[in-house]
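A.B. asks: Just so it is clear, I am handing over model.cif, which has mmCIF, C-alpha atoms.
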data_query
loop_
_atom_site.group_PDB
_atom_site.id
_atom_site.type_symbol
_atom_site.label_atom_id
_atom_site.label_comp_id
_atom_site.auth_asym_id
_atom_site.auth_seq_id
_atom_site.Cartn_x
_atom_site.Cartn_y
_atom_site.Cartn_z
ATOM 1 C CA MET Q 1 -25.560 -101.804 164.853
ATOM 2 C CA GLN Q 2 -23.041 -103.803 162.872
ATOM 3 C CA MET Q 3 -21.732 -106.920 164.630
ATOM 4 C CA LEU Q 4 -18.562 -108.738 163.579
ATOM 5 C CA TYR Q 5 -17.342 -112.064 164.954
ATOM 6 C CA PHE Q 6 -13.923 -113.665 164.561
ATOM 7 C CA GLY Q 7 -12.154 -116.937 165.392
ATOM 8 C CA TRP Q 8 -14.114 -119.464 167.445
ATOM 9 C CA VAL Q 9 -16.689 -116.800 168.341
ATOM 10 C CA ARG Q 10 -17.589 -116.594 164.640
ATOM 11 C CA GLN Q 11 -17.551 -120.373 164.341
ATOM 12 C CA ARG Q 12 -19.851 -120.926 167.342
ATOM 13 C CA ILE Q 13 -22.295 -118.167 166.394
ATOM 14 C CA GLY Q 14 -22.275 -119.369 162.802
ATOM 15 C CA VAL Q 15 -22.054 -116.040 160.953
ATOM 16 C CA PRO Q 16 -19.133 -113.643 160.453
ATOM 17 C CA ALA Q 17 -21.244 -110.481 160.553
ATOM 18 C CA GLU Q 18 -24.799 -109.266 161.023
ATOM 19 C CA THR Q 19 -26.797 -106.129 161.597
ATOM 20 C CA VAL Q 20 -28.668 -106.116 164.915
ATOM 21 C CA ALA Q 21 -31.171 -103.751 166.529
ATOM 22 C CA PRO Q 22 -30.934 -104.192 170.306
ATOM 23 C CA PRO Q 23 -33.565 -102.506 172.505
ATOM 24 C CA ASP Q 24 -32.908 -99.056 173.998
ATOM 25 C CA GLU Q 25 -31.955 -100.571 177.372
ATOM 26 C CA VAL Q 26 -28.765 -101.884 175.783
ATOM 27 C CA THR Q 27 -26.259 -99.074 176.320
ATOM 28 C CA ASP Q 28 -22.930 -100.838 176.783
ATOM 29 C CA VAL Q 29 -21.014 -103.898 175.592
ATOM 30 C CA ASP Q 30 -22.019 -105.903 178.673
ATOM 31 C CA GLY Q 31 -25.693 -105.278 177.996
ATOM 32 C CA LEU Q 32 -25.218 -106.098 174.336
ATOM 33 C CA ILE Q 33 -23.588 -109.453 175.155
ATOM 34 C CA ASP Q 34 -26.411 -110.295 177.588
ATOM 35 C CA TRP Q 35 -29.002 -109.419 174.953
ATOM 36 C CA LEU Q 36 -27.220 -111.424 172.223
ATOM 37 C CA SER Q 37 -26.868 -114.409 174.586
ATOM 38 C CA GLY Q 38 -30.643 -114.539 174.923
ATOM 39 C CA ARG Q 39 -31.123 -114.989 171.179
ATOM 40 C CA SER Q 40 -30.167 -118.677 170.995
ATOM 41 C CA ASP Q 41 -28.082 -121.413 172.579
ATOM 42 C CA ALA Q 42 -25.363 -120.846 169.991
ATOM 43 C CA TYR Q 43 -24.941 -117.203 171.078
ATOM 44 C CA ALA Q 44 -25.148 -118.122 174.761
ATOM 45 C CA GLU Q 45 -22.451 -120.773 174.305
ATOM 46 C CA ALA Q 46 -20.155 -118.532 172.233
ATOM 47 C CA LEU Q 47 -20.417 -115.588 174.652
ATOM 48 C CA ARG Q 48 -20.642 -117.513 177.935
ATOM 49 C CA ASN Q 49 -17.155 -116.791 179.313
ATOM 50 C CA ARG Q 50 -16.189 -113.116 179.200
ATOM 51 C CA ASP Q 51 -12.631 -113.921 180.339
ATOM 52 C CA THR Q 52 -12.032 -115.462 176.928
ATOM 53 C CA LEU Q 53 -13.717 -112.656 174.976
ATOM 54 C CA ARG Q 54 -12.252 -109.436 173.654
ATOM 55 C CA VAL Q 55 -14.212 -106.546 172.207
ATOM 56 C CA ALA Q 56 -13.628 -103.668 169.821
ATOM 57 C CA VAL Q 57 -16.055 -100.811 169.248
ATOM 58 C CA ASN Q 58 -15.481 -98.993 165.971
ATOM 59 C CA GLN Q 59 -12.200 -100.889 165.574
ATOM 60 C CA GLU Q 60 -10.793 -99.738 168.942
ATOM 61 C CA LEU Q 61 -10.176 -102.314 171.680
ATOM 62 C CA CYS Q 62 -12.257 -101.557 174.739
ATOM 63 C CA GLU Q 63 -13.620 -102.908 178.015
ATOM 64 C CA PHE Q 64 -17.039 -104.454 178.575
ATOM 65 C CA ASP Q 65 -18.385 -101.253 180.112
ATOM 66 C CA ALA Q 66 -17.736 -99.276 176.914
ATOM 67 C CA PRO Q 67 -20.875 -97.557 175.584
ATOM 68 C CA VAL Q 68 -22.474 -98.742 172.362
ATOM 69 C CA SER Q 69 -25.140 -97.104 170.249
ATOM 70 C CA VAL Q 70 -26.903 -97.302 166.920
ATOM 71 C CA GLY Q 71 -24.455 -97.057 164.061
ATOM 72 C CA ASP Q 72 -21.499 -98.542 165.971
ATOM 73 C CA GLU Q 73 -19.408 -101.393 164.620
ATOM 74 C CA VAL Q 74 -18.930 -103.891 167.463
ATOM 75 C CA ALA Q 75 -16.596 -106.864 167.123
ATOM 76 C CA LEU Q 76 -16.396 -109.831 169.511
ATOM 77 C CA PHE Q 77 -13.479 -112.225 169.301
ATOM 78 C CA PRO Q 78 -11.059 -114.448 171.254
ATOM 79 C CA PRO Q 79 -7.715 -113.053 172.510
ATOM 80 C CA MET Q 80 -5.616 -112.064 169.504
ATOM 81 C CA THR Q 81 -2.784 -114.246 168.231
ATOM 82 C CA GLY Q 82 -0.782 -112.200 165.755
ATOM 83 C CA GLY Q 83 2.750 -112.777 164.518
ATOM 84 C CA MET J 84 5.189 -98.808 156.740
ATOM 85 C CA ILE J 85 2.705 -101.613 157.221
ATOM 86 C CA ARG J 86 1.174 -104.114 154.789
ATOM 87 C CA VAL J 87 -1.441 -106.821 155.278
ATOM 88 C CA GLN J 88 -1.632 -109.273 152.399
ATOM 89 C CA GLU J 89 -2.466 -112.800 151.329
ATOM 90 C CA ASP J 90 0.553 -113.109 149.039
ATOM 91 C CA ASP J 91 4.028 -114.135 150.061
ATOM 92 C CA PHE J 92 6.797 -111.532 150.316
ATOM 93 C CA ASP J 93 10.426 -111.530 149.201
ATOM 94 C CA VAL J 94 12.563 -110.888 152.287
ATOM 95 C CA GLY J 95 15.606 -109.786 150.271
ATOM 96 C CA ALA J 96 13.615 -107.334 148.169
ATOM 97 C CA GLU J 97 11.846 -105.919 151.235
ATOM 98 C CA LEU J 98 15.150 -105.330 153.036
ATOM 99 C CA GLU J 99 16.679 -103.758 149.909
ATOM 100 C CA ARG J 100 13.788 -101.332 149.776
ATOM 101 C CA LEU J 101 14.032 -100.564 153.481
ATOM 102 C CA SER J 102 17.746 -99.868 153.350
ATOM 103 C CA ALA J 103 17.220 -97.613 150.312
ATOM 104 C CA GLU J 104 14.587 -95.718 152.299
ATOM 105 C CA ALA J 105 16.877 -95.456 155.333
ATOM 106 C CA LYS J 106 20.025 -94.416 153.518
ATOM 107 C CA GLY J 107 22.776 -93.703 155.982
ATOM 108 C CA SER J 108 21.387 -95.919 158.746
ATOM 109 C CA GLY J 109 24.076 -98.029 160.318
ATOM 110 C CA ALA J 110 21.861 -100.956 161.232
ATOM 111 C CA LEU J 111 19.052 -102.997 159.791
ATOM 112 C CA SER J 112 17.377 -105.681 161.911
ATOM 113 C CA CYS J 113 14.657 -108.089 160.870
ATOM 114 C CA PHE J 114 12.565 -111.007 162.090
ATOM 115 C CA VAL J 115 10.647 -113.460 159.917
ATOM 116 C CA GLY J 116 7.944 -115.655 161.452
ATOM 117 C CA LEU J 117 7.257 -119.035 159.786
ATOM 118 C CA VAL J 118 4.546 -121.670 160.066
ATOM 119 C CA ARG J 119 5.753 -124.535 162.299
ATOM 120 C CA ASP J 120 5.038 -128.174 161.451
ATOM 121 C CA PHE J 121 4.142 -129.051 165.046
ATOM 122 C CA SER J 122 2.248 -127.508 167.926
ATOM 123 C CA GLY J 123 1.584 -128.915 171.386
ATOM 124 C CA GLY J 124 3.056 -132.259 170.332
ATOM 125 C CA GLU J 125 0.809 -132.536 167.273
ATOM 126 C CA ALA J 126 1.738 -132.423 163.615
ATOM 127 C CA VAL J 127 0.359 -129.328 161.899
ATOM 128 C CA SER J 128 -0.303 -129.629 158.187
ATOM 129 C CA ALA J 129 -1.532 -126.064 157.631
ATOM 130 C CA MET J 130 -2.631 -122.928 159.410
ATOM 131 C CA THR J 131 -5.307 -120.450 158.369
ATOM 132 C CA LEU J 132 -4.944 -116.886 159.586
ATOM 133 C CA GLU J 133 -8.104 -114.862 159.900
ATOM 134 C CA HIS J 134 -7.962 -111.124 160.586
ATOM 135 C CA TYR J 135 -10.120 -108.053 161.093
ATOM 136 C CA PRO J 136 -9.673 -105.929 157.959
ATOM 137 C CA GLY J 137 -9.494 -102.259 158.861
ATOM 138 C CA MET J 138 -8.700 -102.804 162.521
ATOM 139 C CA THR J 139 -5.613 -104.829 161.591
ATOM 140 C CA GLU J 140 -4.145 -101.908 159.667
ATOM 141 C CA ARG J 141 -5.004 -99.505 162.501
ATOM 142 C CA GLN J 142 -3.431 -101.726 165.149
ATOM 143 C CA LEU J 143 -0.270 -102.330 163.114
ATOM 144 C CA GLY J 144 -0.040 -98.585 162.501
ATOM 145 C CA LYS J 145 -0.237 -97.956 166.253
ATOM 146 C CA ILE J 146 2.383 -100.629 166.920
ATOM 147 C CA GLU J 147 4.729 -98.942 164.423
ATOM 148 C CA ALA J 148 4.067 -95.542 166.030
ATOM 149 C CA GLU J 149 4.824 -96.972 169.491
ATOM 150 C CA ALA J 150 8.168 -98.359 168.257
ATOM 151 C CA ARG J 151 9.072 -95.010 166.681
ATOM 152 C CA GLU J 152 8.223 -93.309 169.952
ATOM 153 C CA ARG J 153 10.548 -95.589 171.895
ATOM 154 C CA TRP J 154 13.550 -95.750 169.557
ATOM 155 C CA PRO J 155 15.127 -93.403 167.006
ATOM 156 C CA LEU J 156 14.194 -95.378 163.892
ATOM 157 C CA ASP J 157 14.887 -94.314 160.324
ATOM 158 C CA ALA J 158 12.498 -96.880 158.834
ATOM 159 C CA VAL J 159 10.020 -99.514 159.992
ATOM 160 C CA LEU J 160 8.355 -102.258 157.974
ATOM 161 C CA ILE J 161 5.691 -104.728 159.100
ATOM 162 C CA VAL J 162 4.291 -107.190 156.547
ATOM 163 C CA HIS J 163 1.672 -109.622 157.879
ATOM 164 C CA ARG J 164 -0.006 -112.331 155.822
ATOM 165 C CA TYR J 165 -3.423 -113.918 156.185
ATOM 166 C CA GLY J 166 -5.106 -116.928 154.574
ATOM 167 C CA ARG J 167 -4.091 -120.592 154.499
ATOM 168 C CA LEU J 168 -0.366 -121.245 154.929
ATOM 169 C CA GLU J 169 1.625 -124.461 155.072
ATOM 170 C CA PRO J 170 4.625 -125.337 157.289
ATOM 171 C CA GLY J 171 7.707 -123.379 156.310
ATOM 172 C CA GLU J 172 5.726 -120.558 154.747
ATOM 173 C CA ARG J 173 6.401 -116.997 155.852
ATOM 174 C CA ILE J 174 3.729 -115.374 158.049
ATOM 175 C CA VAL J 175 5.217 -112.084 159.135
ATOM 176 C CA LEU J 176 8.184 -109.805 158.558
ATOM 177 C CA VAL J 177 9.248 -107.000 160.846
ATOM 178 C CA ALA J 178 12.262 -104.882 159.993
ATOM 179 C CA THR J 179 13.750 -101.741 161.454
ATOM 180 C CA ALA J 180 16.557 -99.402 160.475
ATOM 181 C CA SER J 181 18.417 -97.147 162.874
ATOM 182 C CA ALA J 182 21.746 -95.429 163.282
ATOM 183 C CA HIS J 183 22.890 -98.056 165.778
ATOM 184 C CA ARG J 184 22.369 -101.778 166.175
ATOM 185 C CA LYS J 185 20.860 -101.797 169.662
ATOM 186 C CA ALA J 186 17.925 -99.604 168.732
ATOM 187 C CA ALA J 187 17.297 -101.604 165.540
ATOM 188 C CA ILE J 188 17.481 -105.005 167.278
ATOM 189 C CA ASP J 189 15.454 -103.960 170.332
ATOM 190 C CA ALA J 190 12.788 -102.307 168.182
ATOM 191 C CA SER J 191 12.356 -105.357 165.931
ATOM 192 C CA SER J 192 12.106 -107.579 169.027
ATOM 193 C CA PHE J 193 9.523 -105.205 170.500
ATOM 194 C CA LEU J 194 7.481 -105.157 167.272
ATOM 195 C CA ILE J 195 7.113 -108.924 167.046
ATOM 196 C CA ASP J 196 6.316 -109.250 170.774
ATOM 197 C CA TRP J 197 3.807 -106.418 170.623
ATOM 198 C CA LEU J 198 1.921 -107.667 167.600
ATOM 199 C CA LYS J 199 1.507 -111.160 169.112
ATOM 200 C CA THR J 200 -1.079 -109.775 171.540
ATOM 201 C CA LYS J 201 -2.238 -106.583 169.795
ATOM 202 C CA ALA J 202 -2.737 -107.452 166.141
ATOM 203 C CA PRO J 203 -6.239 -108.839 165.465
ATOM 204 C CA PHE J 204 -5.329 -112.189 163.928
ATOM 205 C CA TRP J 205 -6.640 -115.643 164.821
ATOM 206 C CA LYS J 206 -5.033 -118.924 163.775
ATOM 207 C CA LEU J 207 -6.746 -122.190 162.945
ATOM 208 C CA GLU J 208 -4.406 -125.179 162.781
ATOM 209 C CA GLU J 209 -5.078 -128.339 160.779
ATOM 210 C CA THR J 210 -3.906 -131.433 162.691
ATOM 211 C CA PRO J 211 -4.525 -135.195 162.375
ATOM 212 C CA GLU J 212 -7.005 -134.786 165.283
ATOM 213 C CA GLY J 213 -8.935 -132.134 163.392
ATOM 214 C CA ASP J 214 -8.893 -128.343 163.233
ATOM 215 C CA ARG J 215 -8.172 -126.322 166.339
ATOM 216 C CA TRP J 216 -7.857 -122.639 167.210
ATOM 217 C CA VAL J 217 -4.524 -121.488 168.571
ATOM 218 C CA ASP J 218 -4.923 -120.103 172.094
ATOM 219 C CA ALA J 219 -3.175 -116.943 173.186
ATOM 220 C CA ASP J 220 0.163 -117.883 174.746
ATOM 221 C CA PRO J 221 0.690 -116.633 178.332
ATOM 222 C CA GLU J 222 4.375 -116.163 177.440
ATOM 223 C CA ASP J 223 3.355 -113.600 174.816
ATOM 224 C CA THR J 224 1.401 -111.681 177.441
ATOM 225 C CA ALA J 225 4.430 -111.865 179.766
ATOM 226 C CA ALA J 226 6.619 -110.474 176.966
ATOM 227 C CA GLU J 227 4.118 -107.666 176.401
ATOM 228 C CA GLU J 228 4.175 -106.832 180.112
ATOM 229 C CA ARG J 229 7.977 -106.671 180.124
ATOM 230 C CA TRP J 230 7.848 -104.050 177.362
ATOM 231 C CA ILE J 231 5.173 -102.104 179.233
ATOM 232 C CA ALA J 232 7.447 -102.087 182.298
ATOM 233 C CA ARG J 233 10.302 -100.775 180.151
ATOM 234 C CA GLU J 234 8.270 -97.895 178.760
ATOM 235 C CA GLY J 235 10.314 -94.721 178.628
ATOM 236 C CA LYS J 236 13.441 -96.569 179.696
ATOM 237 C CA CYS J 237 14.585 -97.791 176.308
ATOM 238 C CA GLY J 238 18.202 -97.175 175.407
ATOM 239 C CA HIS J 239 18.643 -94.803 172.504
ATOM 240 C CA GLY J 240 22.190 -96.028 171.824
#
Could you render the structure from this file as structure tokens?
C.D. replies:
Amino acid sequence: MQMLYFGWVRQRIGVPAETVAPPDEVTDVDGLIDWLSGRSDAYAEALRNRDTLRVAVNQELCEFDAPVSVGDEVALFPPMTGG
Amino acid sequence: MIRVQEDDFDVGAELERLSAEAKGSGALSCFVGLVRDFSGGEAVSAMTLEHYPGMTERQLGKIEAEARERWPLDAVLIVHRYGRLEPGERIVLVATASAHRKAAIDASSFLIDWLKTKAPFWKLEETPEGDRWVDADPEDTAAEERWIAREGKCGHG
């Protein structure tokens, strides 16, 4: 699974992108965030408050209950500020 | 048409091209967003825009399609920059052409409001107190909600 991070999420996690292999129990974005948060304090801190997080799966905005699977591109980022 | 680029754009040349594309349109409306030299009472010396390549183009494409759905537009242009920009520099251009002024003006207003909350960009400001990320503005969300409420009720005049 390809992870992408932007804005302060990227800054707090410390990398802009990485390939991850979550266990089979991880089937949706919520589960993925929980699993990532257990990797280190930096992840836990970056992903602590879901109200300030937005997610896209395969470049489509979605909710935290959206399914994820091997081969997906999942991006986590703060609310967007275009314009 | 949408473009995402690091380089600056020439507003005059872009509008020339748009009006050539929309020959016969009676109205051309545009908005240009610039980097401000202050934010929240602090001086801002530069701003770096980060974006999500691929998704940015998709989102801007959807925003253009939504505007075309709501108004009878002969041409649409969105140019959005990324990278490090200094106060006074151009960030974004939206322009629309239509037979009548109301559709052109309303559509360009819609486009800039819509991309504030739907285009995957993030802004890092450089201030005397250090760098800081620009938070989403609740007013932008309120503007988005007003357009959602107006869905299907846009004047075609």
A.B. asks: Excluding same-chain residues fewer than 4 positions from stretch 130-144 of chain J, what lies within 6 Å of it counting all atoms listed in the file, as a count of residues only?
C.D. replies: 12
A.B. asks: Given the point (-3.4, -111.5, 167.9) in the file's coordinates, find the residues that have an atom at most 8 Å from it, counting all atoms listed in the file, and give them as a tab-separated table (two decimals) with C-alpha atoms, in the frame of the given file.
C.D. replies:
chain	number	residue	atom	x	y	z
Q	79	PRO	CA	-7.72	-113.05	172.51
Q	80	MET	CA	-5.62	-112.06	169.50
Q	81	THR	CA	-2.78	-114.25	168.23
Q	82	GLY	CA	-0.78	-112.20	165.76
Q	83	GLY	CA	2.75	-112.78	164.52
J	198	LEU	CA	1.92	-107.67	167.60
J	199	LYS	CA	1.51	-111.16	169.11
J	200	THR	CA	-1.08	-109.78	171.54
J	201	LYS	CA	-2.24	-106.58	169.80
J	202	ALA	CA	-2.74	-107.45	166.14
J	203	PRO	CA	-6.24	-108.84	165.46
J	204	PHE	CA	-5.33	-112.19	163.93
J	205	TRP	CA	-6.64	-115.64	164.82
J	219	ALA	CA	-3.18	-116.94	173.19
A.B. asks: Would you mind listing, as a VMD selection string, all residues of chain Q that have at least one atom within 12 Å of chain J, where all atoms listed in the file are what counts?
C.D. replies: chain Q and resid 4 to 11 16 to 17 52 to 61 73 to 83
A.B. asks: Please measure the separation of atom CA of J:Asp157 and atom CA of J:Phe92, giving the value in Å to one decimal.
C.D. replies: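 Answer for the atom CA of J:Asp157 to atom CA of J:Phe92 separation: 21.5 Å.
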A.B. asks: Give me, please, the distance in Å between atom CA of Q:Val26 and atom CA of Q:Glu63, quoted to one decimal.
C.D. replies: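 For atom CA of Q:Val26 relative to atom CA of Q:Glu63, the distance reads 15.3 Å.
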A.B. asks: Between atom CA of J:Asp93 and atom CA of J:Ala226, measure the distance and give it in Å to one decimal.
C.D. replies: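 Atom CA of J:Asp93 sits 28.0 Å away from atom CA of J:Ala226.
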A.B. asks: Given the choices J:Ile85, J:Glu97, J:Arg151, J:Asp120, which gets closest to J:Ala187 if the distance is worked out from only C-alpha atoms?
C.D. replies: J:Arg151
A.B. asks: Find, counting all atoms listed in the file, the residue in J:Glu209, J:Glu149, J:Glu222, J:Glu172 that gets nearest to J:Glu234.
C.D. replies: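 Residue with the minimum atom-to-atom distance to J:Glu234: J:Glu149.
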A.B. asks: So that I can check the surroundings of J:Met84, please list as a list in words every protein, DNA and RNA residue that reaches within 10 Å of it, counting only C-alpha atoms and ignoring chain neighbours fewer than 6 positions away.
C.D. replies: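 What passes the distance filter is Leu101, Leu143, Gly144, Glu147, Ala148, Ala158, Val159, Leu160, Ile161, Val162 and Ala178 of chain J.
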A.B. asks: Let me know the residues the PyMOL selection byres ((chain Q and resi 21) around 10) catches in the file above, as a PDB file with C-alpha atoms, keeping the file's coordinate frame.
C.D. replies:
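As written to disk, selection_24.pdb reads:
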ATOM      1  CA  MET Q   1     -25.560-101.804 164.853  1.00  0.00           C
ATOM      2  CA  GLN Q   2     -23.041-103.803 162.872  1.00  0.00           C
ATOM      3  CA  THR Q  19     -26.797-106.129 161.597  1.00  0.00           C
ATOM      4  CA  VAL Q  20     -28.668-106.116 164.915  1.00  0.00           C
ATOM      5  CA  PRO Q  22     -30.934-104.192 170.306  1.00  0.00           C
ATOM      6  CA  PRO Q  23     -33.565-102.506 172.505  1.00  0.00           C
ATOM      7  CA  ASP Q  24     -32.908 -99.056 173.998  1.00  0.00           C
ATOM      8  CA  VAL Q  26     -28.765-101.884 175.783  1.00  0.00           C
ATOM      9  CA  SER Q  69     -25.140 -97.104 170.249  1.00  0.00           C
ATOM     10  CA  VAL Q  70     -26.903 -97.302 166.920  1.00  0.00           C
ATOM     11  CA  GLY Q  71     -24.455 -97.057 164.061  1.00  0.00           C
TER      12      GLY Q  71
END
A.B. asks: How would you write as a PyMOL selection string the residues that get within 8 Å of (-25.2, -117.2, 169.0) in the file's frame, counting all atoms listed in the file?
C.D. replies: chain Q and resi 12-14+36-37+39-47
A.B. asks: Can you pull out every residue within 7 Å of stretch 27-34 of chain Q, counting only C-alpha atoms, but drop anything in the same chain fewer than 6 positions away, and send it as a list in words?
C.D. replies: Leu47, Phe64, Asp65, Ala66, Pro67, Val68 and Ser69 of chain Q
A.B. asks: Could you check the closest approach to J:Asp91 for each of J:Thr224, J:Ala129, J:Ser192, J:Gly171 and tell me which residue wins, using all atoms listed in the file?
C.D. replies: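 Distance minimum relative to J:Asp91 lands on J:Gly171.
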